[in-house]
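Below is one structure, written out as C-alpha coordinates; the observations come after it.
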Amino acid sequence: SEESQKGCTVVMLKPVKSDTLYWREYIFKYANEIRFITGRVSFKGFNSTLNKYTTDLPCVFPCCVVIFKNKRLQRYPDIRVIDIYGNTI
(Lines give C-alpha, C1' and ligand atoms only; values in the text may rest on other atoms or scores of the structure.)
Protein backbone atom coordinates (compact mmCIF):
# COMPACT_ATOMS: atom_id res chain seq x y z
CA SER A 1 0.00 0.00 0.00
CA GLU A 2 1.31 3.45 -0.86
CA GLU A 3 0.18 4.89 2.47
CA SER A 4 2.08 2.21 4.41
CA GLN A 5 5.25 3.35 2.61
CA LYS A 6 4.62 6.79 4.15
CA GLY A 7 4.59 5.28 7.65
CA CYS A 8 0.86 4.59 8.08
CA THR A 9 -0.65 1.27 9.11
CA VAL A 10 -3.31 0.33 6.56
CA VAL A 11 -6.09 -2.15 7.42
CA MET A 12 -8.33 -3.47 4.63
CA LEU A 13 -11.37 -5.72 4.55
CA LYS A 14 -10.86 -7.67 1.30
CA PRO A 15 -12.63 -10.48 -0.51
CA VAL A 16 -10.57 -13.66 -0.49
CA LYS A 17 -9.56 -14.31 -4.10
CA SER A 18 -6.16 -15.83 -3.51
CA ASP A 19 -6.00 -17.41 -6.96
CA THR A 20 -5.75 -14.02 -8.70
CA LEU A 21 -2.70 -12.15 -9.92
CA TYR A 22 -3.58 -9.26 -7.60
CA TRP A 23 -3.21 -11.51 -4.52
CA ARG A 24 0.10 -12.96 -5.70
CA GLU A 25 1.61 -9.62 -6.71
CA TYR A 26 0.34 -7.36 -3.90
CA ILE A 27 -1.27 -9.12 -0.95
CA PHE A 28 1.14 -12.04 -0.49
CA LYS A 29 4.14 -9.93 -1.50
CA TYR A 30 3.59 -6.79 0.60
CA ALA A 31 1.09 -7.53 3.41
CA ASN A 32 2.43 -7.91 6.94
CA GLU A 33 -0.63 -9.81 8.18
CA ILE A 34 -3.56 -11.64 6.62
CA ARG A 35 -6.43 -12.64 8.92
CA PHE A 36 -9.01 -14.94 7.36
CA ILE A 37 -12.51 -14.67 8.81
CA THR A 38 -14.55 -17.85 9.26
CA GLY A 39 -18.17 -17.59 8.17
CA ARG A 40 -19.61 -14.72 6.17
CA VAL A 41 -19.31 -11.06 7.10
CA SER A 42 -22.68 -9.27 7.35
CA PHE A 43 -23.40 -5.58 6.87
CA LYS A 44 -26.10 -3.17 7.92
CA GLY A 45 -27.56 -0.87 5.33
CA PHE A 46 -30.08 -0.23 2.61
CA ASN A 47 -30.97 -3.23 0.47
CA SER A 48 -31.95 -1.82 -2.94
CA THR A 49 -33.38 -5.19 -4.04
CA LEU A 50 -35.84 -5.24 -1.13
CA ASN A 51 -36.11 -1.42 -1.10
CA LYS A 52 -35.69 -1.27 2.69
CA TYR A 53 -33.10 -0.91 5.46
CA THR A 54 -31.85 -4.23 6.76
CA THR A 55 -29.50 -5.30 9.54
CA ASP A 56 -28.21 -8.46 7.90
CA LEU A 57 -26.65 -8.17 4.44
CA PRO A 58 -24.27 -11.16 4.20
CA CYS A 59 -21.34 -11.11 1.77
CA VAL A 60 -21.56 -13.59 -1.07
CA PHE A 61 -17.83 -14.34 -0.80
CA PRO A 62 -15.35 -15.04 2.02
CA CYS A 63 -13.47 -12.05 3.48
CA CYS A 64 -10.24 -11.38 5.28
CA VAL A 65 -8.48 -8.49 6.99
CA VAL A 66 -5.20 -7.49 5.32
CA ILE A 67 -2.74 -5.31 7.25
CA PHE A 68 0.10 -3.33 5.70
CA LYS A 69 2.67 -1.72 8.01
CA ASN A 70 5.57 0.63 7.34
CA LYS A 71 8.15 -2.12 7.11
CA ARG A 72 7.82 -5.75 6.21
CA LEU A 73 10.14 -7.58 8.60
CA GLN A 74 9.36 -11.17 7.68
CA ARG A 75 9.57 -12.88 4.31
CA TYR A 76 5.99 -14.15 4.36
CA PRO A 77 2.92 -12.48 5.90
CA ASP A 78 1.66 -13.57 9.31
CA ILE A 79 -1.48 -15.53 8.42
CA ARG A 80 -4.19 -16.19 11.02
CA VAL A 81 -7.78 -17.41 11.07
CA ILE A 82 -10.43 -15.59 13.09
CA ASP A 83 -13.59 -17.41 14.25
CA ILE A 84 -17.05 -15.83 14.41
CA TYR A 85 -16.37 -14.63 17.96
CA GLY A 86 -13.21 -12.75 17.04
CA ASN A 87 -10.85 -15.36 18.48
CA THR A 88 -7.67 -16.30 16.65
CA ILE A 89 -7.67 -20.01 15.81
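Each chain of the C-alpha coordinates is named A, B, ... in the order shown, its residues numbered from 1; ligands are numbered from 1 in display order.
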
Q: Run DSSP on the backbone and give me the residues of region 8-88 of chain A it puts in helix (DSSP H, G or I), as an MDAnalysis selection string.
A: chainID A and resid 21:30

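Here CA of Ile67 (chain A) is placed at a distance of 8.4 Å from CA of Arg35 (chain A).
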
Query - strand (DSSP E or B) per DSSP on the backbone: members of chain A, as a ChimeraX atom specification - result: /A:10-15,33-37,42-47,52-58,63-68,78-82,88

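The smallest atom-to-atom distance between Ile79 (chain A) and any of A:Ile34, A:Cys64, A:Leu50, A:Leu57, using only C-alpha atoms, is found for A:Ile34.
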
Review point. Can you tell me, as a ChimeraX atom specification, what residues are no more than 9 Å from region 10-27 of chain A when counting only C-alpha atoms, ignoring any on the same chain fewer than 3 positions away?
Key: /A:1,3-4,30-32,34,36,61-70,77

Taken to one decimal, the CA of Gly7 (chain A)-CA of Gly86 (chain A) distance is 27.0 Å

Between A:Val81, A:Phe28, A:Val60, A:Thr55, smallest distance to Arg40 (chain A) by only C-alpha atoms belongs to A:Val60

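Note that CA of Asp83 (chain A) and CA of Gly39 (chain A) are 7.6 Å apart.
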
- Item | Test item: residues at most 10 Å from Lys44 (chain A), only C-alpha atoms, excluding those fewer than 3 positions along its chain, as a PyMOL selection string | chain A and resi 47+53-58
